[in-house]
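Student: Attaching a single structure in structure tokens format; questions to follow.
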Amino acid sequence: MAFRGWPEEAIEFFDGLEVDNTKVYWLEHKSVYENSVRRPMEELLADLEREFGEGRIFRPYRDVRFSKDKSPYKTQIAATQEKGGYISLSSQGLGCGSGMYMMAPDQLERYRAGVDENTTGRKIEKIVGDLRTKGIEVSAHGELKSAPRGYDKDHPRIDLLKLKGLIAWTQWPVGAWLGTPKAKDRIVEFLHTVKPMNRWLDTQVGPSTMPPARR
């Protein structure tokens with residue numbers, strides 16, 4: 001079945017889960033999660049698969065082994081796409097991201113070299129500037145407080161050099177559109193808009209060639 005949006009029950013489910021994050025609540029509302037939250041996400045990913053690759057939905061359970069917060073369930077549903085997209089839905093609305101969130105050391109080295117070099121560096125600087133002008137957040141999971149080793153603190157693109165990754169992100173608050181196919185249209189528009197950034201990353205950075213244990 002084609003994606004038709006998320007019904008109001010999806011947002012109500014997460015509103016309730018934020019207040020009562022317990023197994024009792026989960027079991028009492030599991031059918032709402034399956035039918036009003038997860039099923040629309042599955043339909044959305046199926047609609048997007050041809051252009052953006054196969055999607056995978058994350059488990060709804062939190063890993064609480066090393067966390068002080070022992071709440072058992074995530075208060076959002078999230079999924080990744082084979083070609084670098086990330087989609088999430090929560091009581092706050094619909095979010096979509098793309099890029100390289102966590103770079104391995106060899107990727108980070110190539111990224112910084114690409115930012116440093118005049119031609120490729122100016123290109124990504126312009127791409128990032130254009131995205132921010134359109135209201136899209138461009139950031140990373142972390143950044144250095146000072147210049148990376150081997151780079152001048154007065155480098156013209158020092159802000160990009162400090163980043164430990166490069167991701168674009170946008171979020172739309174809850175509205176009537178969320179219950180219609182327009183939700184998919186917004187995601188597709190975003191993923192098209194960030195394609196220049198992803199092409200730059202694919203060309204200048206690419207996948208890690210390091211053994212998994214060393215990343």
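Identifiers in the structure tokens: chain A, B, ... in order shown; residue index from 1 per chain; ligand index from 1 in order shown.
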Just want the 6 Å neighbourhood of stretch 53-58 of chain A, counted on only C-alpha atoms, with same-chain residues fewer than 4 positions away dropped. Output as a ChimeraX atom specification.

Tutor: /A:45,49,78-83

Student: What would the file look like if the residues just selected were written as a PDB file, in the first residue's frame with all heavy atoms?

Tutor:
```
ATOM      1  N   LEU A  45       9.072   3.979   3.417  1.00  0.00           N
ATOM      2  CA  LEU A  45      10.352   3.431   2.971  1.00  0.00           C
ATOM      3  C   LEU A  45      10.200   2.648   1.674  1.00  0.00           C
ATOM      4  O   LEU A  45      11.081   2.688   0.803  1.00  0.00           O
ATOM      5  CB  LEU A  45      10.954   2.548   4.059  1.00  0.00           C
ATOM      6  CG  LEU A  45      11.360   3.271   5.353  1.00  0.00           C
ATOM      7  CD1 LEU A  45      11.829   2.261   6.393  1.00  0.00           C
ATOM      8  CD2 LEU A  45      12.449   4.304   5.086  1.00  0.00           C
ATOM      9  N   GLU A  49      12.213   3.532  -1.787  1.00  0.00           N
ATOM     10  CA  GLU A  49      13.295   2.569  -2.017  1.00  0.00           C
ATOM     11  C   GLU A  49      13.912   2.667  -3.407  1.00  0.00           C
ATOM     12  O   GLU A  49      15.137   2.588  -3.560  1.00  0.00           O
ATOM     13  CB  GLU A  49      12.788   1.147  -1.788  1.00  0.00           C
ATOM     14  CG  GLU A  49      13.872   0.091  -1.951  1.00  0.00           C
ATOM     15  CD  GLU A  49      13.398  -1.293  -1.549  1.00  0.00           C
ATOM     16  OE1 GLU A  49      12.270  -1.419  -1.021  1.00  0.00           O
ATOM     17  OE2 GLU A  49      14.152  -2.252  -1.766  1.00  0.00           O
ATOM     18  N   ALA A  78      12.533   5.673  14.076  1.00  0.00           N
ATOM     19  CA  ALA A  78      13.554   6.177  13.153  1.00  0.00           C
ATOM     20  C   ALA A  78      13.959   5.085  12.179  1.00  0.00           C
ATOM     21  O   ALA A  78      13.863   3.892  12.484  1.00  0.00           O
ATOM     22  CB  ALA A  78      14.774   6.673  13.929  1.00  0.00           C
ATOM     23  N   ALA A  79      14.422   5.523  11.021  1.00  0.00           N
ATOM     24  CA  ALA A  79      14.847   4.585   9.985  1.00  0.00           C
ATOM     25  C   ALA A  79      15.988   5.184   9.187  1.00  0.00           C
ATOM     26  O   ALA A  79      16.112   6.401   9.077  1.00  0.00           O
ATOM     27  CB  ALA A  79      13.675   4.256   9.053  1.00  0.00           C
ATOM     28  N   THR A  80      16.811   4.329   8.642  1.00  0.00           N
ATOM     29  CA  THR A  80      17.885   4.759   7.748  1.00  0.00           C
ATOM     30  C   THR A  80      17.608   4.236   6.350  1.00  0.00           C
ATOM     31  O   THR A  80      16.880   3.259   6.169  1.00  0.00           O
ATOM     32  CB  THR A  80      19.258   4.242   8.207  1.00  0.00           C
ATOM     33  OG1 THR A  80      19.216   2.803   8.277  1.00  0.00           O
ATOM     34  CG2 THR A  80      19.630   4.820   9.545  1.00  0.00           C
ATOM     35  N   GLN A  81      18.217   4.897   5.369  1.00  0.00           N
ATOM     36  CA  GLN A  81      18.111   4.470   3.980  1.00  0.00           C
ATOM     37  C   GLN A  81      19.494   4.115   3.448  1.00  0.00           C
ATOM     38  O   GLN A  81      20.497   4.678   3.882  1.00  0.00           O
ATOM     39  CB  GLN A  81      17.498   5.582   3.128  1.00  0.00           C
ATOM     40  CG  GLN A  81      16.074   5.927   3.521  1.00  0.00           C
ATOM     41  CD  GLN A  81      15.645   7.232   2.890  1.00  0.00           C
ATOM     42  OE1 GLN A  81      16.083   8.302   3.279  1.00  0.00           O
ATOM     43  NE2 GLN A  81      14.778   7.142   1.906  1.00  0.00           N
ATOM     44  N   GLU A  82      19.527   3.186   2.532  1.00  0.00           N
ATOM     45  CA  GLU A  82      20.781   2.680   1.991  1.00  0.00           C
ATOM     46  C   GLU A  82      21.665   3.788   1.435  1.00  0.00           C
ATOM     47  O   GLU A  82      22.893   3.724   1.530  1.00  0.00           O
ATOM     48  CB  GLU A  82      20.464   1.656   0.903  1.00  0.00           C
ATOM     49  CG  GLU A  82      21.646   0.911   0.341  1.00  0.00           C
ATOM     50  CD  GLU A  82      21.241  -0.100  -0.706  1.00  0.00           C
ATOM     51  OE1 GLU A  82      20.019  -0.250  -0.958  1.00  0.00           O
ATOM     52  OE2 GLU A  82      22.121  -0.742  -1.282  1.00  0.00           O
ATOM     53  N   LYS A  83      21.059   4.825   0.875  1.00  0.00           N
ATOM     54  CA  LYS A  83      21.840   5.896   0.254  1.00  0.00           C
ATOM     55  C   LYS A  83      21.998   7.112   1.163  1.00  0.00           C
ATOM     56  O   LYS A  83      22.150   8.238   0.686  1.00  0.00           O
ATOM     57  CB  LYS A  83      21.205   6.291  -1.081  1.00  0.00           C
ATOM     58  CG  LYS A  83      21.221   5.148  -2.103  1.00  0.00           C
ATOM     59  CD  LYS A  83      20.653   5.571  -3.442  1.00  0.00           C
ATOM     60  CE  LYS A  83      20.674   4.415  -4.432  1.00  0.00           C
ATOM     61  NZ  LYS A  83      20.106   4.788  -5.759  1.00  0.00           N
TER      62      LYS A  83
END
```

Student: At a cut-off of 9 Å, using only C-alpha atoms, what residues contact stretch 16-33 of chain A? Leave out same-chain residues fewer than 4 positions from it and give the result as a PyMOL selection string.

Tutor: chain A and resi 9-12+37-39+71-75+91

Student: Print the selection's residues with N, CA and C atoms to a file, as a tab-separated table (two decimals), in the first residue's frame.

Tutor:
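Saved result, again_38.tsv, follows:
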```tsv
chain	number	residue	atom	x	y	z
A	9	GLU	N	-3.20	9.43	15.65
A	9	GLU	CA	-2.93	8.43	16.69
A	9	GLU	C	-1.43	8.20	16.88
A	10	ALA	N	-0.64	8.41	15.83
A	10	ALA	CA	0.80	8.21	15.93
A	10	ALA	C	1.41	9.22	16.90
A	11	ILE	N	1.02	10.47	16.76
A	11	ILE	CA	1.53	11.52	17.66
A	11	ILE	C	0.99	11.31	19.07
A	12	GLU	N	-0.26	10.93	19.17
A	12	GLU	CA	-0.86	10.68	20.49
A	12	GLU	C	-0.14	9.53	21.18
A	37	VAL	N	1.99	3.84	13.62
A	37	VAL	CA	3.35	4.38	13.65
A	37	VAL	C	4.27	3.62	12.70
A	38	ARG	N	4.42	2.31	12.95
A	38	ARG	CA	5.37	1.52	12.17
A	38	ARG	C	4.90	1.27	10.73
A	39	ARG	N	3.62	0.93	10.56
A	39	ARG	CA	3.15	0.61	9.20
A	39	ARG	C	3.32	1.79	8.24
A	71	SER	N	14.45	4.13	31.08
A	71	SER	CA	13.21	4.07	30.28
A	71	SER	C	13.39	3.05	29.17
A	72	PRO	N	12.50	2.08	29.04
A	72	PRO	CA	12.75	0.97	28.11
A	72	PRO	C	12.50	1.27	26.63
A	73	TYR	N	11.74	2.32	26.31
A	73	TYR	CA	11.34	2.53	24.92
A	73	TYR	C	11.78	3.89	24.37
A	74	LYS	N	12.14	3.91	23.10
A	74	LYS	CA	12.48	5.16	22.43
A	74	LYS	C	11.21	5.96	22.18
A	75	THR	N	11.28	7.25	22.34
A	75	THR	CA	10.10	8.09	22.13
A	75	THR	C	10.06	8.65	20.71
A	91	SER	N	6.77	13.04	18.85
A	91	SER	CA	5.70	13.99	19.18
A	91	SER	C	6.06	15.41	18.74
```

Student: In Å, rounded to a single decimal, give me how far atom CA of A:Thr170 is from atom CA of A:Ile136.

Tutor: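 So the answer is 5.5 Å.
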
Student: Which residues of stretch 76-116 of chain A come within 9 Å of stretch 188-204 of chain A, and what is each one's closest atom pair and distance in Å (one decimal), counting only C-alpha atoms, sorted by chain and residue number, as a tab-separated table?

Tutor:
```
residue	atom	partner	partner_atom	distance
A:Gly84	CA	A:Asn198	CA	8.2
A:Gly85	CA	A:Leu191	CA	7.3
A:Cys96	CA	A:Phe190	CA	7.6
A:Gly97	CA	A:Leu191	CA	8.0
A:Ser98	CA	A:Val194	CA	7.4
A:Gly99	CA	A:Asn198	CA	5.9
A:Met100	CA	A:Leu201	CA	7.8
A:Gln107	CA	A:Gln204	CA	8.9
A:Arg110	CA	A:Gln204	CA	6.5
A:Tyr111	CA	A:Gln204	CA	6.4
A:Ala113	CA	A:Gln204	CA	8.4
A:Gly114	CA	A:Gln204	CA	6.0
```

Student: Keeping C-alpha atoms for every residue in the selection just given, could you write it to a file as a CSV table (one decimal), in the first residue's frame?

Tutor:
```
chain,number,residue,atom,x,y,z
A,84,GLY,CA,22.4,7.9,3.4
A,85,GLY,CA,19.0,9.2,4.5
A,96,CYS,CA,15.1,14.1,8.0
A,97,GLY,CA,18.8,14.0,7.8
A,98,SER,CA,21.6,13.0,5.5
A,99,GLY,CA,25.4,12.9,5.3
A,100,MET,CA,28.2,11.2,7.2
A,107,GLN,CA,37.5,9.3,6.3
A,110,ARG,CA,40.2,12.7,3.5
A,111,TYR,CA,37.4,15.1,4.6
A,113,ALA,CA,42.1,17.3,3.0
A,114,GLY,CA,39.1,18.1,0.8
```

Student: Report as a PyMOL selection string: the residues of stretch 87-131 of chain A with a DSSP assignment of strand (DSSP E), based on the backbone of this structure.

Tutor: chain A and resi 87-90+93-100

Student: Any chance you could export the current selection's C-alpha atoms as a PDB file, in the first residue's frame?

Tutor:
```
ATOM      1  CA  ILE A  87      14.000   9.728   8.933  1.00  0.00           C
ATOM      2  CA  SER A  88      12.434  10.090  12.369  1.00  0.00           C
ATOM      3  CA  LEU A  89       8.973  10.754  13.770  1.00  0.00           C
ATOM      4  CA  SER A  90       8.206  11.832  17.321  1.00  0.00           C
ATOM      5  CA  GLY A  93       7.210  16.229  14.342  1.00  0.00           C
ATOM      6  CA  LEU A  94       8.993  14.728  11.359  1.00  0.00           C
ATOM      7  CA  GLY A  95      12.759  14.972  10.881  1.00  0.00           C
ATOM      8  CA  CYS A  96      15.059  14.062   8.033  1.00  0.00           C
ATOM      9  CA  GLY A  97      18.830  14.019   7.803  1.00  0.00           C
ATOM     10  CA  SER A  98      21.624  12.951   5.487  1.00  0.00           C
ATOM     11  CA  GLY A  99      25.400  12.934   5.251  1.00  0.00           C
ATOM     12  CA  MET A 100      28.217  11.239   7.175  1.00  0.00           C
TER      13      MET A 100
END
```

Student: Taking the backbone alone, and naming residues the way the document does, which bits of stretch 18-141 of chain A are alpha helix (DSSP H) by DSSP, as an NGL selection string?

Tutor: :A and (18-19 or 23-28 or 30-32 or 39-52 or 105-116 or 118-133)

Student: Got a sec: who's within 7 Å of A:Leu166, counting only C-alpha atoms, leaving out chain neighbours fewer than 3 positions off, as a ChimeraX atom specification?

Tutor: /A:99-101,138-140,163

Student: Return the single residue from A:Ala147, A:Ile124, A:Ala176, A:Val64 that is closest to A:Lys162, with distances computed using only C-alpha atoms.

Tutor: A:Ala147

Student: Tell me, as a CSV table (one decimal) with N, CA and C atoms, in the first residue's frame, which residues lie within 10 Å of A:Ser208, counting only C-alpha atoms; anything in the same chain fewer than 2 positions away does not count.

Tutor:
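Written output follows (result.csv):
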```csv
chain,number,residue,atom,x,y,z
A,103,MET,N,32.5,9.7,11.1
A,103,MET,CA,33.6,9.4,10.1
A,103,MET,C,34.7,8.6,10.9
A,104,ALA,N,35.1,7.5,10.2
A,104,ALA,CA,36.3,6.8,10.7
A,104,ALA,C,37.5,7.7,10.5
A,105,PRO,N,38.6,7.4,11.2
A,105,PRO,CA,39.8,8.2,11.1
A,105,PRO,C,40.3,8.4,9.6
A,106,ASP,N,40.3,7.4,8.8
A,106,ASP,CA,40.7,7.6,7.4
A,106,ASP,C,39.8,8.5,6.6
A,107,GLN,N,38.5,8.4,6.9
A,107,GLN,CA,37.5,9.3,6.3
A,107,GLN,C,37.7,10.7,6.7
A,108,LEU,N,37.9,10.9,8.0
A,108,LEU,CA,38.1,12.3,8.6
A,108,LEU,C,39.3,12.9,7.9
A,110,ARG,N,40.6,12.3,4.9
A,110,ARG,CA,40.2,12.7,3.5
A,110,ARG,C,39.3,13.9,3.5
A,205,VAL,N,35.5,11.8,0.2
A,205,VAL,CA,35.7,11.0,1.4
A,205,VAL,C,35.5,9.6,1.2
A,206,GLY,N,34.3,9.2,0.7
A,206,GLY,CA,34.0,7.8,0.4
A,206,GLY,C,34.0,6.9,1.7
A,210,MET,N,39.4,1.0,6.6
A,210,MET,CA,40.0,0.5,7.8
A,210,MET,C,39.2,-0.7,8.3
A,211,PRO,N,39.9,-1.7,8.9
A,211,PRO,CA,39.2,-2.8,9.6
A,211,PRO,C,38.2,-2.3,10.6
A,212,PRO,N,37.0,-2.9,10.8
A,212,PRO,CA,36.0,-2.4,11.7
A,212,PRO,C,36.6,-2.2,13.1
A,215,ARG,N,38.2,1.4,13.6
A,215,ARG,CA,37.4,2.6,13.3
A,215,ARG,C,37.0,3.4,14.5
```

Student: Give me, please, the distance in Å between atom CA of A:Lys182 and atom CA of A:Ala168, quoted to one decimal.

Tutor: 20.5 Å

Student: For the atom pair atom CA of A:Ala183 and atom CA of A:Gln76, what is the interatomic distance in Å to one decimal place?

Tutor: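 Atom CA of A:Gln76 lies 16.2 Å from atom CA of A:Ala183.
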
Student: Would you list the contacts of A:Lys145 as a ChimeraX atom specification, taking every protein, DNA or RNA residue within 12 Å and counting only C-alpha atoms, but skipping same-chain residues closer than 5 positions in sequence?

Tutor: /A:153,158-164
